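K.L.:
Sharing a structure with you now.
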Amino acid sequence: MDSSRTQTPREKLEAWLRYYDDLNLGAFYTDRRTMGNRQIHRAALNATPAELPRVPPAVLPAIAVAPPPLPKAVPPKLQTPAPVIALPVVNPSSLFEAIDRVENDSLERIREDLGECTRCRLHKQRNKIVFGQGNPHAELVFVGEGPGHDEDIQGLAFVGRAGKLLTQMIEAMGLTRDDVYICNVVKCRPPENRKPEEDEVATCSPYLFRQLDVIKPKAIVCLGGTAAQALLKTKDSISRFRGTWFDYRGTKLLATYHPAYLLRNPAAKADVWQDLKKVMAQLGLKKK
Ligand code: SF4
């Protein structure tokens, strides 16, 4: 093939496919609509070689920034017409970030904007909105899924049994709850502690985004899949990316298991401790 002429779109696509195939990355063109371009690139570029197999499938395609040049000889298997694959439409995440951001924002203003919120159905059975609490200048923010029974009564995040375990986790890192900020994706308790619905997360999470923008922590730890899925805009299971660093609007983000899950599965505490040690290393913390 004459390498000096301009590649057709089909030739470029074939080159991409061949490149991923050479890297043994497998099929890459599914389930990637929900993760923003910038997050994909940063997550993949931040991953170490050892972490690559655990990067969500949505991330893998972005490992290469530019397609490789076409080789001179086309392998026989590519001489048959390639299937027509719709290239994914990835929305520019910066657009959404711009929409979420509020000039001169503050935690007080966000709380004020929430008011006695009735924006989603979760308001119907709640007792108190659980906005979040802790150090407004925290270097570390923990994000959970939503309030439970005790939190709903007290209006405070992570104060039940799972909260006590979270306190132990924080103290094991050499910190106190006053050093960190703790909040949830949804601010009202889902009935029967069910998972928040997609539309409830979509309605409430912009307030979380604003909280994180105001606090500007050095690291975010997502407790459980719902928090990670909301911030990374993915539907992948947490087991696919737990313990891997991602980029969230310029802040390092790592997902680990929710303390409530640890209460049911104590054996998973060892995995969580490994994750927390990564966070400690990232923040330059030494166990006291
Ligand atoms: S969960 Fe969030 S959006 Fe829904 S009512 Fe409560 S504060 Fe409002």
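By order in the structure tokens, chains are A, B, ...; within a chain, residues start at 1; ligands start at 1, following the order shown.
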List as a short mmCIF file (atom, residue, chain, number, x, y, z; two decimals) with N, CA and C atoms, in the first residue's frame the protein and nucleic acid residues lying within 10 Å of ligand 1, with only C-alpha atoms and all ligand atoms counted.
P.N.:
data_model
loop_
_atom_site.label_atom_id
_atom_site.label_comp_id
_atom_site.auth_asym_id
_atom_site.auth_seq_id
_atom_site.Cartn_x
_atom_site.Cartn_y
_atom_site.Cartn_z
N ARG A 111 -26.08 24.40 49.98
CA ARG A 111 -27.11 23.96 50.94
C ARG A 111 -28.36 24.84 50.83
N ASP A 113 -29.30 26.44 48.14
CA ASP A 113 -29.97 26.12 46.88
C ASP A 113 -30.81 24.84 47.01
N LEU A 114 -30.31 23.90 47.82
CA LEU A 114 -31.09 22.66 48.02
C LEU A 114 -32.40 22.96 48.74
N GLY A 115 -32.31 23.83 49.73
CA GLY A 115 -33.51 24.17 50.51
C GLY A 115 -34.18 22.92 51.05
N GLU A 116 -35.49 22.95 51.16
CA GLU A 116 -36.26 21.75 51.54
C GLU A 116 -36.63 21.04 50.23
N CYS A 117 -35.65 20.47 49.62
CA CYS A 117 -35.74 19.99 48.24
C CYS A 117 -36.86 18.97 48.02
N THR A 118 -37.59 19.18 46.93
CA THR A 118 -38.61 18.20 46.51
C THR A 118 -38.39 17.84 45.04
N ARG A 119 -37.15 17.95 44.59
CA ARG A 119 -36.88 17.77 43.17
C ARG A 119 -37.03 16.32 42.71
N CYS A 120 -36.91 15.35 43.62
CA CYS A 120 -37.14 13.96 43.21
C CYS A 120 -38.01 13.28 44.27
N ARG A 121 -38.48 12.08 43.93
CA ARG A 121 -39.45 11.39 44.81
C ARG A 121 -38.88 11.02 46.17
N LEU A 122 -37.55 11.06 46.32
CA LEU A 122 -36.97 10.66 47.60
C LEU A 122 -37.34 11.62 48.74
N HIS A 123 -37.85 12.78 48.38
CA HIS A 123 -38.19 13.74 49.45
C HIS A 123 -39.42 13.25 50.25
N LYS A 124 -40.23 12.39 49.63
CA LYS A 124 -41.54 12.06 50.23
C LYS A 124 -41.42 11.38 51.59
N GLN A 125 -40.41 10.49 51.74
CA GLN A 125 -40.33 9.74 52.99
C GLN A 125 -39.15 10.13 53.87
N ARG A 126 -38.44 11.16 53.47
CA ARG A 126 -37.27 11.50 54.27
C ARG A 126 -37.68 12.28 55.52
N LYS A 128 -34.80 13.97 57.29
CA LYS A 128 -33.86 15.10 57.15
C LYS A 128 -33.01 14.92 55.90
N ILE A 129 -32.72 16.04 55.26
CA ILE A 129 -31.74 16.02 54.17
C ILE A 129 -30.37 15.82 54.80
N VAL A 130 -29.60 14.92 54.21
CA VAL A 130 -28.24 14.67 54.70
C VAL A 130 -27.27 15.30 53.70
N PHE A 131 -26.86 16.50 53.99
CA PHE A 131 -26.06 17.27 53.04
C PHE A 131 -24.63 16.77 52.97
N GLY A 146 -26.11 6.94 49.70
CA GLY A 146 -27.23 7.74 50.19
C GLY A 146 -27.43 7.47 51.67
N PRO A 147 -28.22 8.29 52.34
CA PRO A 147 -28.42 8.11 53.78
C PRO A 147 -29.19 6.83 54.08
N ASN A 184 -22.83 12.06 50.33
CA ASN A 184 -23.45 10.99 49.52
C ASN A 184 -23.88 11.52 48.16
N VAL A 185 -24.18 10.59 47.28
CA VAL A 185 -24.67 10.97 45.95
C VAL A 185 -26.08 11.55 46.07
N VAL A 186 -26.99 10.87 46.79
CA VAL A 186 -28.33 11.43 47.01
C VAL A 186 -28.43 11.85 48.47
N LYS A 187 -29.13 12.93 48.69
CA LYS A 187 -29.15 13.54 50.02
C LYS A 187 -30.35 13.09 50.86
N CYS A 188 -31.24 12.31 50.28
CA CYS A 188 -32.40 11.82 51.03
C CYS A 188 -32.39 10.29 51.01
N ARG A 189 -32.90 9.72 52.09
CA ARG A 189 -32.85 8.26 52.23
C ARG A 189 -33.80 7.57 51.24
N PRO A 190 -33.27 6.66 50.44
CA PRO A 190 -34.17 5.86 49.61
C PRO A 190 -34.96 4.90 50.50
N PRO A 196 -30.57 4.08 45.02
CA PRO A 196 -31.26 5.19 44.34
C PRO A 196 -31.45 4.87 42.86
N ASP A 199 -32.81 8.19 37.80
CA ASP A 199 -33.29 9.58 37.70
C ASP A 199 -33.08 10.33 39.02
N GLU A 200 -33.13 9.62 40.13
CA GLU A 200 -32.86 10.26 41.42
C GLU A 200 -31.40 10.69 41.51
N VAL A 201 -30.52 9.80 41.05
CA VAL A 201 -29.08 10.14 41.04
C VAL A 201 -28.83 11.33 40.11
N ALA A 202 -29.48 11.29 38.95
CA ALA A 202 -29.28 12.38 37.98
C ALA A 202 -29.77 13.71 38.55
N THR A 203 -30.85 13.67 39.32
CA THR A 203 -31.40 14.92 39.86
C THR A 203 -30.55 15.46 40.99
N CYS A 204 -30.04 14.58 41.85
CA CYS A 204 -29.35 15.03 43.05
C CYS A 204 -27.84 15.23 42.85
N SER A 205 -27.23 14.45 41.95
CA SER A 205 -25.77 14.46 41.86
C SER A 205 -25.15 15.82 41.49
N PRO A 206 -25.84 16.71 40.76
CA PRO A 206 -25.21 18.01 40.50
C PRO A 206 -24.82 18.75 41.77
N TYR A 207 -25.55 18.50 42.87
CA TYR A 207 -25.19 19.15 44.14
C TYR A 207 -23.90 18.53 44.69
N LEU A 208 -23.74 17.25 44.47
CA LEU A 208 -22.48 16.60 44.86
C LEU A 208 -21.33 17.15 44.02
#
K.L.:
Set the distance at 12 Å and use only C-alpha atoms: which residues neighbour Cys183 (chain A) once local chain neighbours fewer than 2 positions away are removed? I'd like the list as a ChimeraX atom specification.
P.N.:
/A:107,129-136,140-147,151,155-159,163,177,180-181,185-188,205,207-212,215,220-223,227
K.L.:
Kindly export the residues of the current selection with N, CA and C atoms, as a compact mmCIF listing (two decimals), in the first residue's frame.
P.N.:
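Listed below is the output, out37.txt:
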# COMPACT_ATOMS: atom_id res chain seq x y z
N LEU A 107 -20.17 25.91 50.02
CA LEU A 107 -21.02 24.86 50.59
C LEU A 107 -22.31 25.46 51.14
N ILE A 129 -32.72 16.04 55.26
CA ILE A 129 -31.74 16.02 54.17
C ILE A 129 -30.37 15.82 54.80
N VAL A 130 -29.60 14.92 54.21
CA VAL A 130 -28.24 14.67 54.70
C VAL A 130 -27.27 15.30 53.70
N PHE A 131 -26.86 16.50 53.99
CA PHE A 131 -26.06 17.27 53.04
C PHE A 131 -24.63 16.77 52.97
N GLY A 132 -24.08 16.40 54.12
CA GLY A 132 -22.66 16.03 54.20
C GLY A 132 -22.02 16.88 55.28
N GLN A 133 -20.93 16.37 55.83
CA GLN A 133 -20.27 17.13 56.89
C GLN A 133 -18.79 16.81 56.95
N GLY A 134 -18.07 17.67 57.64
CA GLY A 134 -16.63 17.47 57.80
C GLY A 134 -15.88 18.74 57.49
N ASN A 135 -14.60 18.57 57.17
CA ASN A 135 -13.71 19.70 56.90
C ASN A 135 -14.00 20.28 55.51
N PRO A 136 -14.43 21.53 55.44
CA PRO A 136 -14.73 22.11 54.11
C PRO A 136 -13.48 22.29 53.25
N LEU A 140 -9.27 14.99 51.57
CA LEU A 140 -9.86 13.69 51.24
C LEU A 140 -11.37 13.75 51.46
N VAL A 141 -12.10 13.36 50.44
CA VAL A 141 -13.56 13.32 50.55
C VAL A 141 -14.04 11.88 50.30
N PHE A 142 -14.88 11.40 51.19
CA PHE A 142 -15.53 10.10 50.99
C PHE A 142 -16.94 10.35 50.46
N VAL A 143 -17.29 9.63 49.41
CA VAL A 143 -18.63 9.78 48.83
C VAL A 143 -19.33 8.43 48.89
N GLY A 144 -20.47 8.41 49.59
CA GLY A 144 -21.25 7.18 49.66
C GLY A 144 -22.46 7.25 48.74
N GLU A 145 -23.36 6.31 48.93
CA GLU A 145 -24.51 6.20 48.03
C GLU A 145 -25.66 7.12 48.45
N GLY A 146 -26.11 6.94 49.70
CA GLY A 146 -27.23 7.74 50.19
C GLY A 146 -27.43 7.47 51.67
N PRO A 147 -28.22 8.29 52.34
CA PRO A 147 -28.42 8.11 53.78
C PRO A 147 -29.19 6.83 54.08
N GLU A 151 -28.94 7.99 59.53
CA GLU A 151 -28.54 9.26 58.91
C GLU A 151 -29.78 10.12 58.65
N GLY A 155 -29.73 13.52 60.23
CA GLY A 155 -29.33 14.51 59.22
C GLY A 155 -27.83 14.56 59.02
N LEU A 156 -27.13 13.49 59.41
CA LEU A 156 -25.68 13.42 59.27
C LEU A 156 -25.29 12.18 58.47
N ALA A 157 -24.20 12.31 57.71
CA ALA A 157 -23.77 11.20 56.85
C ALA A 157 -22.97 10.16 57.65
N PHE A 158 -23.20 8.91 57.37
CA PHE A 158 -22.41 7.80 57.92
C PHE A 158 -22.32 7.84 59.46
N VAL A 159 -23.48 7.73 60.09
CA VAL A 159 -23.49 7.70 61.56
C VAL A 159 -24.05 6.39 62.10
N GLY A 163 -21.32 3.64 59.32
CA GLY A 163 -20.58 4.86 59.63
C GLY A 163 -19.50 4.61 60.66
N ARG A 177 -12.44 11.97 61.62
CA ARG A 177 -13.55 12.39 60.75
C ARG A 177 -13.53 13.89 60.52
N VAL A 180 -11.60 14.96 57.28
CA VAL A 180 -12.11 14.61 55.95
C VAL A 180 -13.52 15.19 55.77
N TYR A 181 -14.04 15.07 54.56
CA TYR A 181 -15.43 15.45 54.30
C TYR A 181 -16.16 14.19 53.85
N VAL A 185 -24.18 10.59 47.28
CA VAL A 185 -24.67 10.97 45.95
C VAL A 185 -26.08 11.55 46.07
N VAL A 186 -26.99 10.87 46.79
CA VAL A 186 -28.33 11.43 47.01
C VAL A 186 -28.43 11.85 48.47
N LYS A 187 -29.13 12.93 48.69
CA LYS A 187 -29.15 13.54 50.02
C LYS A 187 -30.35 13.09 50.86
N CYS A 188 -31.24 12.31 50.28
CA CYS A 188 -32.40 11.82 51.03
C CYS A 188 -32.39 10.29 51.01
N SER A 205 -27.23 14.45 41.95
CA SER A 205 -25.77 14.46 41.86
C SER A 205 -25.15 15.82 41.49
N TYR A 207 -25.55 18.50 42.87
CA TYR A 207 -25.19 19.15 44.14
C TYR A 207 -23.90 18.53 44.69
N LEU A 208 -23.74 17.25 44.47
CA LEU A 208 -22.48 16.60 44.86
C LEU A 208 -21.33 17.15 44.02
N PHE A 209 -21.56 17.28 42.71
CA PHE A 209 -20.50 17.82 41.85
C PHE A 209 -20.07 19.20 42.36
N ARG A 210 -21.05 19.99 42.73
CA ARG A 210 -20.73 21.34 43.23
C ARG A 210 -19.96 21.25 44.55
N GLN A 211 -20.37 20.34 45.43
CA GLN A 211 -19.63 20.20 46.69
C GLN A 211 -18.16 19.88 46.42
N LEU A 212 -17.93 18.95 45.51
CA LEU A 212 -16.56 18.54 45.22
C LEU A 212 -15.78 19.68 44.56
N ILE A 215 -14.89 22.07 47.51
CA ILE A 215 -13.90 21.53 48.46
C ILE A 215 -12.53 21.36 47.78
N ILE A 220 -10.55 11.67 46.12
CA ILE A 220 -11.94 11.31 46.40
C ILE A 220 -11.98 9.78 46.50
N VAL A 221 -12.59 9.29 47.57
CA VAL A 221 -12.79 7.83 47.68
C VAL A 221 -14.29 7.56 47.57
N CYS A 222 -14.66 6.86 46.55
CA CYS A 222 -16.06 6.46 46.37
C CYS A 222 -16.30 5.18 47.16
N LEU A 223 -17.32 5.22 48.00
CA LEU A 223 -17.66 4.04 48.81
C LEU A 223 -18.81 3.32 48.11
N ALA A 227 -21.69 5.49 43.96
CA ALA A 227 -20.93 6.74 43.97
C ALA A 227 -19.95 6.78 42.81
K.L.:
Quick one: distance from CA of Ile182 (chain A) to CA of Asn104 (chain A) in Å, one decimal?
P.N.:
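Taking CA of Ile182 (chain A) as the start and CA of Asn104 (chain A) as the end point, the length is 21.8 Å.
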K.L.:
Let me make sure I understand: among A:Leu253, A:Val214, A:Leu285, A:Ile238, which one has the smallest atom-to-atom distance to Ala138 (chain A) if we use only C-alpha atoms?
P.N.:
A:Val214
K.L.:
To one decimal place, how far is CA of Phe241 (chain A) from CA of Gln282 (chain A) in Å?
P.N.:
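Atom-to-atom, CA of Phe241 (chain A) to CA of Gln282 (chain A), that is 17.6 Å.
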K.L.:
Quick one: residues within 10 Å of region 261-274 of chain A, only C-alpha atoms counted, chain neighbours fewer than 2 positions away excluded, as a ChimeraX atom specification?
P.N.:
/A:161-162,165-166,169,172-173,223-224,242-243,255-259,276-280
K.L.:
Keeping only N, CA and C atoms, write the selected residues as a PDB file, in the first residue's frame.
P.N.:
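Result saved to selection-v1.pdb:
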ATOM      1  N   ARG A 161     -24.204   1.913  61.714  1.00  0.00           N
ATOM      2  CA  ARG A 161     -23.181   0.860  61.864  1.00  0.00           C
ATOM      3  C   ARG A 161     -22.109   0.988  60.792  1.00  0.00           C
ATOM      4  N   ALA A 162     -22.539   1.225  59.577  1.00  0.00           N
ATOM      5  CA  ALA A 162     -21.568   1.382  58.486  1.00  0.00           C
ATOM      6  C   ALA A 162     -20.705   2.618  58.742  1.00  0.00           C
ATOM      7  N   LEU A 165     -17.910   1.858  61.077  1.00  0.00           N
ATOM      8  CA  LEU A 165     -16.822   1.169  60.385  1.00  0.00           C
ATOM      9  C   LEU A 165     -16.009   2.171  59.556  1.00  0.00           C
ATOM     10  N   LEU A 166     -16.707   3.108  58.918  1.00  0.00           N
ATOM     11  CA  LEU A 166     -15.985   4.137  58.152  1.00  0.00           C
ATOM     12  C   LEU A 166     -15.071   4.939  59.083  1.00  0.00           C
ATOM     13  N   MET A 169     -12.044   3.019  59.590  1.00  0.00           N
ATOM     14  CA  MET A 169     -11.195   3.052  58.391  1.00  0.00           C
ATOM     15  C   MET A 169     -10.405   4.364  58.339  1.00  0.00           C
ATOM     16  N   ALA A 172      -7.729   4.352  60.907  1.00  0.00           N
ATOM     17  CA  ALA A 172      -6.630   3.462  60.498  1.00  0.00           C
ATOM     18  C   ALA A 172      -5.679   4.176  59.538  1.00  0.00           C
ATOM     19  N   MET A 173      -6.197   5.187  58.860  1.00  0.00           N
ATOM     20  CA  MET A 173      -5.358   5.966  57.940  1.00  0.00           C
ATOM     21  C   MET A 173      -4.592   7.065  58.685  1.00  0.00           C
ATOM     22  N   LEU A 223     -17.321   5.224  48.004  1.00  0.00           N
ATOM     23  CA  LEU A 223     -17.661   4.045  48.807  1.00  0.00           C
ATOM     24  C   LEU A 223     -18.809   3.323  48.115  1.00  0.00           C
ATOM     25  N   GLY A 224     -18.470   2.301  47.365  1.00  0.00           N
ATOM     26  CA  GLY A 224     -19.488   1.523  46.667  1.00  0.00           C
ATOM     27  C   GLY A 224     -19.676   1.960  45.230  1.00  0.00           C
ATOM     28  N   ARG A 242     -12.439  -1.391  41.033  1.00  0.00           N
ATOM     29  CA  ARG A 242     -12.108  -1.085  42.429  1.00  0.00           C
ATOM     30  C   ARG A 242     -10.580  -0.997  42.610  1.00  0.00           C
ATOM     31  N   GLY A 243     -10.134  -0.012  43.355  1.00  0.00           N
ATOM     32  CA  GLY A 243      -8.699   0.079  43.656  1.00  0.00           C
ATOM     33  C   GLY A 243      -7.864   0.701  42.561  1.00  0.00           C
ATOM     34  N   ALA A 255     -12.251   4.063  43.809  1.00  0.00           N
ATOM     35  CA  ALA A 255     -13.461   3.444  44.371  1.00  0.00           C
ATOM     36  C   ALA A 255     -13.084   2.217  45.187  1.00  0.00           C
ATOM     37  N   THR A 256     -13.756   2.081  46.317  1.00  0.00           N
ATOM     38  CA  THR A 256     -13.575   0.877  47.119  1.00  0.00           C
ATOM     39  C   THR A 256     -14.951   0.419  47.604  1.00  0.00           C
ATOM     40  N   TYR A 257     -14.988  -0.672  48.338  1.00  0.00           N
ATOM     41  CA  TYR A 257     -16.285  -1.195  48.765  1.00  0.00           C
ATOM     42  C   TYR A 257     -16.915  -0.316  49.843  1.00  0.00           C
ATOM     43  N   HIS A 258     -18.233  -0.317  49.865  1.00  0.00           N
ATOM     44  CA  HIS A 258     -18.992   0.442  50.863  1.00  0.00           C
ATOM     45  C   HIS A 258     -18.866  -0.264  52.213  1.00  0.00           C
ATOM     46  N   PRO A 259     -18.739   0.503  53.308  1.00  0.00           N
ATOM     47  CA  PRO A 259     -18.647  -0.144  54.628  1.00  0.00           C
ATOM     48  C   PRO A 259     -19.821  -1.079  54.915  1.00  0.00           C
ATOM     49  N   LEU A 276      -7.088   1.729  50.714  1.00  0.00           N
ATOM     50  CA  LEU A 276      -6.839   2.890  51.571  1.00  0.00           C
ATOM     51  C   LEU A 276      -5.344   3.191  51.674  1.00  0.00           C
ATOM     52  N   LYS A 277      -4.535   2.153  51.607  1.00  0.00           N
ATOM     53  CA  LYS A 277      -3.087   2.385  51.635  1.00  0.00           C
ATOM     54  C   LYS A 277      -2.647   3.162  50.387  1.00  0.00           C
ATOM     55  N   LYS A 278      -3.308   2.892  49.258  1.00  0.00           N
ATOM     56  CA  LYS A 278      -2.999   3.671  48.048  1.00  0.00           C
ATOM     57  C   LYS A 278      -3.360   5.139  48.248  1.00  0.00           C
ATOM     58  N   VAL A 279      -4.488   5.359  48.918  1.00  0.00           N
ATOM     59  CA  VAL A 279      -4.925   6.736  49.178  1.00  0.00           C
ATOM     60  C   VAL A 279      -3.928   7.416  50.111  1.00  0.00           C
ATOM     61  N   MET A 280      -3.484   6.686  51.135  1.00  0.00           N
ATOM     62  CA  MET A 280      -2.506   7.247  52.071  1.00  0.00           C
ATOM     63  C   MET A 280      -1.222   7.622  51.330  1.00  0.00           C
TER      64      MET A 280
END
K.L.:
Using the chain letters and numbers from this document, which residues of region 80-268 of chain A does DSSP assign to strand (DSSP E), as a tab-separated table (two decimals) with C-alpha atoms, in the first residue's frame?
P.N.:
chain	number	residue	atom	x	y	z
A	133	GLN	CA	-20.27	17.13	56.89
A	134	GLY	CA	-16.63	17.47	57.80
A	140	LEU	CA	-9.86	13.69	51.24
A	141	VAL	CA	-13.56	13.32	50.55
A	142	PHE	CA	-15.53	10.10	50.99
A	143	VAL	CA	-18.63	9.78	48.83
A	144	GLY	CA	-21.25	7.18	49.66
A	181	TYR	CA	-15.43	15.45	54.30
A	182	ILE	CA	-18.16	12.83	54.03
A	183	CYS	CA	-21.20	13.03	51.79
A	184	ASN	CA	-23.45	10.99	49.52
A	219	ALA	CA	-8.40	12.63	46.54
A	220	ILE	CA	-11.94	11.31	46.40
A	221	VAL	CA	-12.79	7.83	47.68
A	222	CYS	CA	-16.06	6.46	46.37
A	223	LEU	CA	-17.66	4.04	48.81
A	245	TRP	CA	-7.04	5.54	40.25
A	246	PHE	CA	-9.14	7.66	37.92
A	247	ASP	CA	-9.30	11.34	37.18
A	248	TYR	CA	-12.38	13.29	38.20
A	251	THR	CA	-8.81	15.15	41.20
A	252	LYS	CA	-7.63	11.61	41.83
A	253	LEU	CA	-10.57	9.30	42.42
A	254	LEU	CA	-10.51	5.74	43.67
A	255	ALA	CA	-13.46	3.44	44.37
A	256	THR	CA	-13.58	0.88	47.12
K.L.:
Name the residues of region 231-278 of chain A that come out as alpha helix (DSSP H) in a backbone DSSP run; write them as JSON, numbers by chain.
P.N.:
{"A": [231, 232, 238, 239, 240, 241, 259, 260, 261, 262, 263, 264, 269, 270, 271, 272, 273, 274, 275, 276, 277, 278]}
K.L.:
Take the selection from the previous step and output its residues with C-alpha atoms, as a PDB file, in the first residue's frame.
P.N.:
ATOM      1  CA  LEU A 231     -18.888  10.402  39.288  1.00  0.00           C
ATOM      2  CA  LEU A 232     -17.223   8.395  36.543  1.00  0.00           C
ATOM      3  CA  ILE A 238     -17.292  -1.704  40.915  1.00  0.00           C
ATOM      4  CA  SER A 239     -15.563  -5.085  40.875  1.00  0.00           C
ATOM      5  CA  ARG A 240     -14.190  -4.097  37.450  1.00  0.00           C
ATOM      6  CA  PHE A 241     -12.364  -0.988  38.633  1.00  0.00           C
ATOM      7  CA  PRO A 259     -18.647  -0.144  54.628  1.00  0.00           C
ATOM      8  CA  ALA A 260     -22.162  -1.673  54.619  1.00  0.00           C
ATOM      9  CA  TYR A 261     -20.846  -4.283  52.182  1.00  0.00           C
ATOM     10  CA  LEU A 262     -17.930  -4.928  54.535  1.00  0.00           C
ATOM     11  CA  LEU A 263     -20.352  -5.573  57.384  1.00  0.00           C
ATOM     12  CA  ARG A 264     -21.873  -8.339  55.291  1.00  0.00           C
ATOM     13  CA  LYS A 269     -11.811  -5.647  54.448  1.00  0.00           C
ATOM     14  CA  ALA A 270      -8.355  -6.724  53.300  1.00  0.00           C
ATOM     15  CA  ASP A 271      -9.066  -5.399  49.788  1.00  0.00           C
ATOM     16  CA  VAL A 272     -10.351  -2.129  51.200  1.00  0.00           C
ATOM     17  CA  TRP A 273      -7.262  -1.728  53.346  1.00  0.00           C
ATOM     18  CA  GLN A 274      -5.083  -2.162  50.257  1.00  0.00           C
ATOM     19  CA  ASP A 275      -7.137   0.586  48.579  1.00  0.00           C
ATOM     20  CA  LEU A 276      -6.839   2.890  51.571  1.00  0.00           C
ATOM     21  CA  LYS A 277      -3.087   2.385  51.635  1.00  0.00           C
ATOM     22  CA  LYS A 278      -2.999   3.671  48.048  1.00  0.00           C
TER      23      LYS A 278
END
K.L.:
Quick one: pull the distance between CA of Thr167 (chain A) and CA of Asp150 (chain A), Å, one decimal.
P.N.:
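CA of Asp150 (chain A) lies at a distance of 15.1 Å from CA of Thr167 (chain A).
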